[in-house]
>>> print(open('model.tsv').read())   # TSV, C-alpha atoms
chain	number	residue	atom	x	y	z
A	57	MET	CA	-19.30	32.64	-20.39
A	58	ARG	CA	-15.71	32.64	-19.09
A	59	PHE	CA	-16.77	30.09	-16.48
A	60	ALA	CA	-18.15	27.75	-19.17
A	61	ARG	CA	-15.05	28.32	-21.29
A	62	PHE	CA	-12.82	27.41	-18.35
A	63	TRP	CA	-14.63	24.10	-17.72
A	64	TRP	CA	-14.66	23.30	-21.45
A	65	ASP	CA	-10.88	23.80	-21.64
A	66	PHE	CA	-10.40	21.96	-18.35
A	67	VAL	CA	-12.26	18.79	-19.34
A	68	VAL	CA	-12.25	18.70	-23.15
A	69	GLY	CA	-8.94	20.48	-23.80
A	70	ASP	CA	-7.64	21.27	-27.26
A	71	ASP	CA	-9.10	18.31	-29.17
A	72	PRO	CA	-12.93	18.44	-29.18
A	73	LEU	CA	-12.99	15.74	-31.90
A	74	ALA	CA	-11.54	13.26	-29.40
A	75	ALA	CA	-14.31	14.12	-26.92
A	76	LEU	CA	-16.87	13.69	-29.70
A	77	GLY	CA	-15.38	10.30	-30.60
A	78	VAL	CA	-15.57	9.18	-26.96
A	79	ALA	CA	-19.22	10.31	-26.72
A	80	ALA	CA	-20.10	8.44	-29.93
A	81	ALA	CA	-18.35	5.27	-28.68
A	82	ILE	CA	-20.21	5.40	-25.35
A	83	GLY	CA	-23.49	5.87	-27.25
A	84	ALA	CA	-22.70	2.86	-29.46
A	85	THR	CA	-21.82	0.80	-26.37
A	86	ALA	CA	-25.17	1.73	-24.78
A	87	ALA	CA	-27.02	0.82	-28.00
A	88	LEU	CA	-25.32	-2.60	-28.23
A	89	ALA	CA	-25.92	-3.31	-24.53
A	90	ALA	CA	-29.59	-2.33	-24.85
A	91	ALA	CA	-29.90	-4.76	-27.78
A	92	GLY	CA	-28.56	-7.55	-25.56
A	93	VAL	CA	-25.20	-7.81	-27.39
A	94	ALA	CA	-21.94	-8.07	-25.41
A	95	ALA	CA	-20.53	-4.55	-25.68
A	96	TRP	CA	-17.56	-4.41	-23.27
A	97	TRP	CA	-14.99	-4.70	-26.08
A	98	LEU	CA	-16.19	-1.67	-28.04
A	99	LEU	CA	-14.95	1.15	-25.80
A	100	PRO	CA	-11.30	-0.01	-25.50
A	101	LEU	CA	-11.05	-0.38	-29.28
A	102	ALA	CA	-12.76	2.96	-29.88
A	103	VAL	CA	-10.40	4.67	-27.43
A	104	LEU	CA	-7.41	3.25	-29.30
A	105	VAL	CA	-8.73	4.68	-32.60
A	106	VAL	CA	-9.66	8.04	-31.02
A	107	LEU	CA	-6.23	8.34	-29.38
A	108	TYR	CA	-4.37	7.41	-32.56
A	109	ARG	CA	-6.30	9.95	-34.63
A	110	SER	CA	-5.87	12.63	-31.97
A	111	LEU	CA	-2.10	12.04	-31.94
A	112	ARG	CA	-2.00	12.19	-35.73
A	113	ARG	CA	-3.84	15.53	-35.69
A	114	ALA	CA	-1.38	16.86	-33.10
A	115	THR	CA	1.67	15.87	-35.16
A	116	ARG	CA	0.38	16.90	-38.58
B	27	MET	CA	-7.37	-4.58	-6.19
B	28	SER	CA	-9.45	-1.56	-7.27
B	29	GLY	CA	-8.68	0.04	-3.88
B	30	VAL	CA	-4.96	-0.12	-4.71
B	31	PHE	CA	-5.60	1.38	-8.17
B	32	LEU	CA	-7.76	4.07	-6.60
B	33	PHE	CA	-5.08	5.04	-4.06
B	34	LEU	CA	-2.25	4.94	-6.61
B	35	SER	CA	-4.15	6.98	-9.20
B	36	ALA	CA	-5.23	9.65	-6.73
B	37	PHE	CA	-1.74	9.76	-5.18
B	38	LEU	CA	0.15	10.06	-8.48
B	39	ALA	CA	-2.25	12.62	-9.97
B	40	SER	CA	-2.20	14.69	-6.78
B	41	ALA	CA	1.60	14.53	-6.46
B	42	VAL	CA	2.13	15.68	-10.07
B	43	GLU	CA	-0.27	18.60	-9.69
B	44	MET	CA	1.22	19.56	-6.34
B	45	VAL	CA	4.76	19.57	-7.75
B	46	GLU	CA	3.53	22.04	-10.40
B	47	ALA	CA	1.73	24.18	-7.81
B	48	LEU	CA	4.84	24.19	-5.61
B	49	THR	CA	6.94	25.59	-8.47
B	50	ILE	CA	4.52	28.52	-8.89
B	51	VAL	CA	4.24	29.18	-5.15
B	52	LEU	CA	8.05	29.14	-4.79
B	53	ALA	CA	8.45	31.62	-7.65
B	54	ALA	CA	5.76	33.89	-6.16
B	55	GLY	CA	7.27	33.65	-2.66
B	56	ILE	CA	10.86	34.34	-3.70
B	57	ALA	CA	10.03	37.16	-6.12
B	58	ARG	CA	7.11	38.86	-4.36
B	59	GLY	CA	7.40	37.90	-0.68
B	60	TRP	CA	6.19	34.92	1.30
B	61	ARG	CA	3.35	36.73	3.06
B	62	SER	CA	1.53	37.48	-0.21
B	63	SER	CA	2.32	34.06	-1.67
B	64	LEU	CA	1.15	32.08	1.36
B	65	THR	CA	-2.00	34.23	1.70
B	66	GLY	CA	-2.77	33.31	-1.91
B	67	VAL	CA	-2.21	29.63	-1.11
B	68	GLY	CA	-4.53	29.87	1.91
B	69	ALA	CA	-7.28	31.58	-0.10
B	70	ALA	CA	-7.07	28.95	-2.85
B	71	VAL	CA	-7.24	26.13	-0.29
B	72	VAL	CA	-10.41	27.68	1.18
B	73	VAL	CA	-12.04	27.88	-2.29
B	74	LEU	CA	-11.03	24.27	-3.02
B	75	ALA	CA	-12.43	23.13	0.33
B	76	VAL	CA	-15.76	24.79	-0.52
B	77	VAL	CA	-15.82	23.12	-3.97
B	78	VAL	CA	-15.14	19.70	-2.43
B	79	ALA	CA	-17.64	20.28	0.41
B	80	VAL	CA	-20.40	21.21	-2.07
B	81	LEU	CA	-19.70	18.71	-4.85
B	82	GLY	CA	-18.70	15.73	-2.68
B	83	PRO	CA	-22.07	15.14	-0.97
B	84	ALA	CA	-23.93	16.05	-4.19
B	85	LEU	CA	-22.19	13.23	-6.08
B	86	THR	CA	-23.18	10.63	-3.49
B	87	VAL	CA	-26.94	11.10	-4.13
B	88	ILE	CA	-26.64	10.33	-7.88
B	89	PRO	CA	-27.59	6.70	-8.76
B	90	ILE	CA	-24.43	4.62	-9.24
B	91	ASP	CA	-25.03	3.69	-12.91
B	92	ALA	CA	-25.67	7.30	-13.92
B	93	LEU	CA	-22.66	8.39	-11.86
B	94	ARG	CA	-20.41	5.81	-13.52
B	95	LEU	CA	-21.59	6.84	-17.00
B	96	VAL	CA	-21.03	10.57	-16.44
B	97	VAL	CA	-17.85	10.19	-14.40
B	98	GLY	CA	-16.49	7.51	-16.76
B	99	ALA	CA	-17.09	9.71	-19.79
B	100	LEU	CA	-15.51	12.75	-18.10
B	101	LEU	CA	-12.51	10.74	-16.87
B	102	LEU	CA	-12.04	9.22	-20.31
B	103	VAL	CA	-12.01	12.60	-22.08
B	104	PHE	CA	-9.84	14.09	-19.33
B	105	GLY	CA	-7.53	11.06	-19.24
B	106	LEU	CA	-7.06	11.06	-23.01
B	107	GLN	CA	-5.77	14.65	-22.75
B	108	TRP	CA	-3.12	13.51	-20.25
B	109	LEU	CA	-2.26	10.39	-22.24
B	110	ARG	CA	-2.01	12.26	-25.53
B	111	LYS	CA	0.47	14.77	-24.09
B	112	ALA	CA	2.40	12.00	-22.32
B	113	ILE	CA	2.72	9.96	-25.54
B	114	LEU	CA	3.82	13.05	-27.49
B	115	ARG	CA	6.46	13.76	-24.82
B	116	ALA	CA	7.64	10.14	-24.63
B	117	SER	CA	7.96	9.94	-28.41
B	118	GLY	CA	10.00	13.15	-28.56
B	119	LEU	CA	7.35	15.18	-30.38
B	120	LYS	CA	6.69	17.55	-27.49
B	121	ALA	CA	9.11	19.17	-25.08
B	122	LEU	CA	9.42	17.42	-21.71
B	123	HIS	CA	7.89	19.19	-18.71
B	124	ASP	CA	10.85	20.94	-17.06
B	125	GLU	CA	10.18	22.37	-13.58
B	126	ASP	CA	13.52	24.22	-13.52
B	127	ALA	CA	12.70	26.03	-16.79
B	128	ILE	CA	9.14	26.80	-15.65
B	129	PHE	CA	10.46	28.08	-12.30
B	130	ALA	CA	13.00	30.36	-14.04
B	131	ARG	CA	10.28	31.74	-16.34
B	132	GLU	CA	7.78	32.32	-13.51
B	133	LEU	CA	10.49	33.92	-11.38
B	134	ALA	CA	11.54	36.31	-14.17
B	135	GLU	CA	7.92	37.31	-14.86
B	136	ALA	CA	7.14	37.75	-11.16
B	137	SER	CA	10.29	39.81	-10.58
B	138	SER	CA	9.55	42.21	-13.42
B	139	ALA	CA	5.83	42.74	-12.69
B	140	GLU	CA	4.63	46.02	-11.19
B	141	HIS	CA	4.38	46.19	-7.38
B	142	THR	CA	0.85	46.97	-6.18
B	143	GLU	CA	0.25	46.55	-2.44
B	144	ARG	CA	-3.09	46.35	-0.63
B	145	ALA	CA	-3.29	45.82	3.15
B	146	GLY	CA	0.34	44.72	3.13
B	147	ILE	CA	-0.30	42.08	0.46
B	148	ASP	CA	1.36	42.25	-2.93
B	149	ALA	CA	-1.43	41.78	-5.48
B	150	TYR	CA	0.73	40.01	-8.09
B	151	GLY	CA	2.27	37.55	-5.62
B	152	PHE	CA	-1.14	36.78	-4.11
B	153	THR	CA	-2.81	36.27	-7.49
B	154	LEU	CA	0.03	34.14	-8.89
B	155	ALA	CA	0.01	31.76	-5.91
B	156	PHE	CA	-3.80	31.76	-5.70
B	157	LYS	CA	-4.31	30.90	-9.37
B	158	GLY	CA	-1.52	28.32	-9.39
B	159	VAL	CA	-2.84	26.42	-6.38
B	160	LEU	CA	-6.49	26.78	-7.42
B	161	LEU	CA	-6.02	25.53	-10.98
B	162	GLU	CA	-3.71	22.64	-10.07
B	163	GLY	CA	-5.89	21.90	-7.03
B	164	LEU	CA	-9.07	21.75	-9.12
B	165	GLU	CA	-7.57	18.87	-11.10
B	166	VAL	CA	-6.78	17.09	-7.83
B	167	ALA	CA	-10.30	17.75	-6.50
B	168	PHE	CA	-11.83	16.53	-9.78
B	169	ILE	CA	-9.85	13.29	-9.72
B	170	VAL	CA	-10.35	12.63	-6.00
B	171	LEU	CA	-14.11	13.27	-6.16
B	172	THR	CA	-14.77	11.34	-9.36
B	173	PHE	CA	-12.57	8.36	-8.47
B	174	GLY	CA	-13.71	8.30	-4.86
B	175	SER	CA	-17.44	8.66	-5.47
B	176	THR	CA	-17.54	6.08	-8.26
B	177	GLN	CA	-15.65	3.55	-6.13
B	178	GLY	CA	-17.75	4.51	-3.11
B	179	ASN	CA	-14.57	5.47	-1.25
B	180	VAL	CA	-13.95	9.23	-1.28
B	181	PRO	CA	-12.00	9.02	2.04
B	182	LEU	CA	-9.40	6.66	0.47
B	183	ALA	CA	-8.92	8.95	-2.55
B	184	ALA	CA	-8.73	11.98	-0.24
B	185	ALA	CA	-6.18	10.16	1.95
B	186	ALA	CA	-4.02	9.50	-1.13
B	187	ALA	CA	-4.17	13.21	-2.02
B	188	ALA	CA	-3.32	14.14	1.58
B	189	VAL	CA	-0.27	11.82	1.57
B	190	ALA	CA	0.87	13.43	-1.70
B	191	LEU	CA	0.35	16.92	-0.23
B	192	VAL	CA	2.37	16.14	2.92
B	193	LEU	CA	5.15	14.52	0.86
B	194	VAL	CA	5.44	17.28	-1.76
B	195	ALA	CA	5.06	20.14	0.74
B	196	GLY	CA	7.55	18.49	3.12
B	197	VAL	CA	10.19	17.98	0.43
B	198	GLY	CA	9.46	21.46	-0.98
B	199	ILE	CA	10.04	23.10	2.43
B	200	ALA	CA	13.21	21.02	2.92
B	201	VAL	CA	14.84	21.82	-0.41
B	202	ARG	CA	13.23	25.24	-1.12
B	203	ALA	CA	13.60	24.65	-4.84
B	204	PRO	CA	11.44	23.22	-7.62
B	205	LEU	CA	11.23	19.44	-7.45
B	206	ALA	CA	12.92	19.01	-10.82
B	207	ARG	CA	14.20	15.52	-10.00
B	208	VAL	CA	10.73	14.10	-9.54
B	209	PRO	CA	10.08	11.85	-12.58
B	210	GLU	CA	7.17	14.09	-13.53
B	211	ASN	CA	6.80	12.97	-17.15
B	212	THR	CA	6.75	9.30	-16.17
B	213	MET	CA	4.20	10.06	-13.45
B	214	LYS	CA	2.02	11.95	-15.92
B	215	PHE	CA	2.17	9.00	-18.29
B	216	ALA	CA	1.07	6.70	-15.45
B	217	VAL	CA	-1.78	9.04	-14.47
B	218	GLY	CA	-2.95	9.27	-18.10
B	219	VAL	CA	-3.01	5.47	-18.29
B	220	MET	CA	-4.91	5.17	-14.98
B	221	LEU	CA	-7.49	7.85	-15.84
B	222	THR	CA	-8.11	6.31	-19.26
B	223	THR	CA	-8.38	2.81	-17.78
B	224	PHE	CA	-10.94	3.83	-15.15
B	225	GLY	CA	-12.75	5.98	-17.71
B	226	ILE	CA	-13.14	3.03	-20.11
B	227	PHE	CA	-14.21	0.69	-17.32
B	228	TRP	CA	-16.82	2.94	-15.71
B	229	ALA	CA	-18.18	4.50	-18.90
B	230	ALA	CA	-18.80	1.02	-20.38
B	231	GLU	CA	-20.45	-0.17	-17.15
B	232	GLY	CA	-22.54	3.00	-16.96
B	233	ALA	CA	-23.64	2.48	-20.57
B	234	GLY	CA	-24.96	-0.98	-19.63
B	235	ALA	CA	-22.08	-3.23	-20.75
B	236	HIS	CA	-20.94	-6.06	-18.46
B	237	TRP	CA	-17.23	-6.77	-18.13
B	238	PRO	CA	-16.24	-10.45	-18.14
B	239	GLY	CA	-15.31	-11.19	-14.52
B	240	ASP	CA	-16.63	-7.79	-13.38
B	241	ASP	CA	-13.95	-5.89	-11.37
B	242	ALA	CA	-11.40	-8.64	-12.15
B	243	SER	CA	-11.23	-7.35	-15.73
B	244	LEU	CA	-9.80	-3.98	-14.58
B	245	PRO	CA	-6.15	-5.22	-14.76
B	246	GLY	CA	-6.91	-6.45	-18.29
B	247	VAL	CA	-8.15	-3.01	-19.32
B	248	LEU	CA	-5.06	-1.49	-17.68
B	249	ALA	CA	-2.79	-3.86	-19.61
B	250	PHE	CA	-4.57	-3.00	-22.86
B	251	VAL	CA	-4.20	0.76	-22.30
B	252	CYS	CA	-0.51	0.31	-21.36
B	253	LEU	CA	0.23	-1.80	-24.44
B	254	ALA	CA	-1.66	0.58	-26.73
B	255	SER	CA	0.16	3.60	-25.25
B	256	PHE	CA	3.63	2.09	-25.54
B	257	GLY	CA	2.78	0.89	-29.05
B	258	LEU	CA	1.77	4.43	-30.04
B	259	VAL	CA	4.99	5.83	-28.52
B	260	ARG	CA	7.02	3.40	-30.64
B	261	LEU	CA	4.96	4.20	-33.72
B	262	LEU	CA	5.37	7.96	-33.32
B	263	ARG	CA	8.97	8.03	-32.07
B	264	VAL	CA	11.11	10.17	-34.34
B	265	PRO	CA	14.91	9.92	-34.70
B	266	ARG	CA	15.34	13.70	-34.63
B	267	ALA	CA	12.65	15.16	-32.41
B	268	LYS	CA	10.53	17.95	-33.77
B	269	THR	CA	8.52	19.62	-31.03
B	270	VAL	CA	4.84	20.54	-31.36
B	271	ALA	CA	3.26	23.48	-29.56
B	272	ALA	CA	2.20	22.84	-25.94
>>> encode(input="model.tsv", output="structure tokens")
Amino acid sequence: MRFARFWWDFVVGDDPLAALGVAAAIGATAALAAAGVAAWWLLPLAVLVVLYRSLRRATR
Amino acid sequence: MSGVFLFLSAFLASAVEMVEALTIVLAAGIARGWRSSLTGVGAAVVVLAVVVAVLGPALTVIPIDALRLVVGALLLVFGLQWLRKAILRASGLKALHDEDAIFARELAEASSAEHTERAGIDAYGFTLAFKGVLLEGLEVAFIVLTFGSTQGNVPLAAAAAAVALVLVAGVGIAVRAPLARVPENTMKFAVGVMLTTFGIFWAAEGAGAHWPGDDASLPGVLAFVCLASFGLVRLLRVPRAKTVAA
């Protein structure tokens, strides 16, 4: 349990919502790519939104 | 081009982590004795070597697309942590990382802790140095292995980490003080940008997206992450800094 906790803190850190946002954006990128739509632009934009919201949560 | 990015990213990340580990080892050595401190360092290096020896070859057998997806996602989440803290520091909303202050705190704690000796080794000094090197070293191992395996060049990433180790250890031995003049916060900002850039690039590729110009689009992603980060620093910058918890 402590081992899992350590790796969670190590990779995800103190903002799990940001990790969730990244996972959702990667999933959406995969879905667009599978549908044959150009999807390279989605992840950079999603990261910008995720980062902005994460910073806002940290400063609230 | 990506080889240069790979070397720079691994070097900067390793150097920053090693500066932090050096501060802890110095505090442990001065307060609790060098024998215990250096034994702790040696034990941590052995554990790290085992981790790298086990995980390194394991990563090379994973298909490249799956590897890029997993590693890209991990680097992106990991990189966003670094970038978030760096932006908060640069905008004045979080206290800057101060090696002198950390050294003074570690030294005071190590000096006041109870002395328990086993086989001539002080348990506190050993544990402090061991944990410091292991935890900082794990970040280095994570970055070197993920960057190196995804680029198919673990030796180059490892070489960058080795150069950082020699440099930081050499300067540390020469000055015998925390490397407070290293521009640590700027380096952390750069590492956050690099990790996020590679994370975006590889995660998108792993998810099946194709970058215009393939690897040639990497500088474009880097420029985007830089612009976004500096824009967020400007947006968040406060005239009178209020500091959030670390």
>>> interface_residues(input="model.tsv", of="chain A", to="chain B", cutoff="9 Å", atoms="all atoms listed in the file", output="JSON, numbers by chain")
{"A": [66, 67, 68, 69, 70, 71, 74, 75, 78, 79, 82, 83, 84, 85, 86, 87, 88, 89, 90, 93, 94, 95, 96, 97, 98, 99, 100, 103, 104, 106, 107, 108, 110, 111, 112, 114, 115]}
>>> residues_around(input="model.tsv", residues="Val73 of chain B", least_positions_apart="2", cutoff="12 Å", atoms="all atoms listed in the file", output="list in words")
Gly66, Val67, Gly68, Ala69, Ala70, Val71, Ala75, Val76, Val77, Val78, Ala79, Val80, Phe156, Lys157, Val159, Leu160, Leu161, Gly163, Leu164 and Ala167 of chain B
>>> closest_residue(input="model.tsv", among="B:Leu74, B:Leu253, B:Val201, B:Leu85", to="Ser175 of chain B", atoms="all atoms listed in the file")
B:Leu85
>>> atom_distance(input="model.tsv", atom1="atom CA of Arg109 of chain A", atom2="atom CA of Val259 of chain B")
13.5 Å
>>> atom_distance(input="model.tsv", atom1="atom CA of Ala60 of chain A", atom2="atom CA of Glu46 of chain B")
24.1 Å
>>> atom_distance(input="model.tsv", atom1="atom CA of Leu244 of chain B", atom2="atom CA of Thr172 of chain B")
16.9 Å
>>> residues_around(input="model.tsv", residues="Ser40 of chain B", least_positions_apart="2", cutoff="7 Å", atoms="only C-alpha atoms", output="list in words")
Ala36, Phe37, Leu38, Val42, Glu43, Met44, Val166, Ala187 and Ala190 of chain B
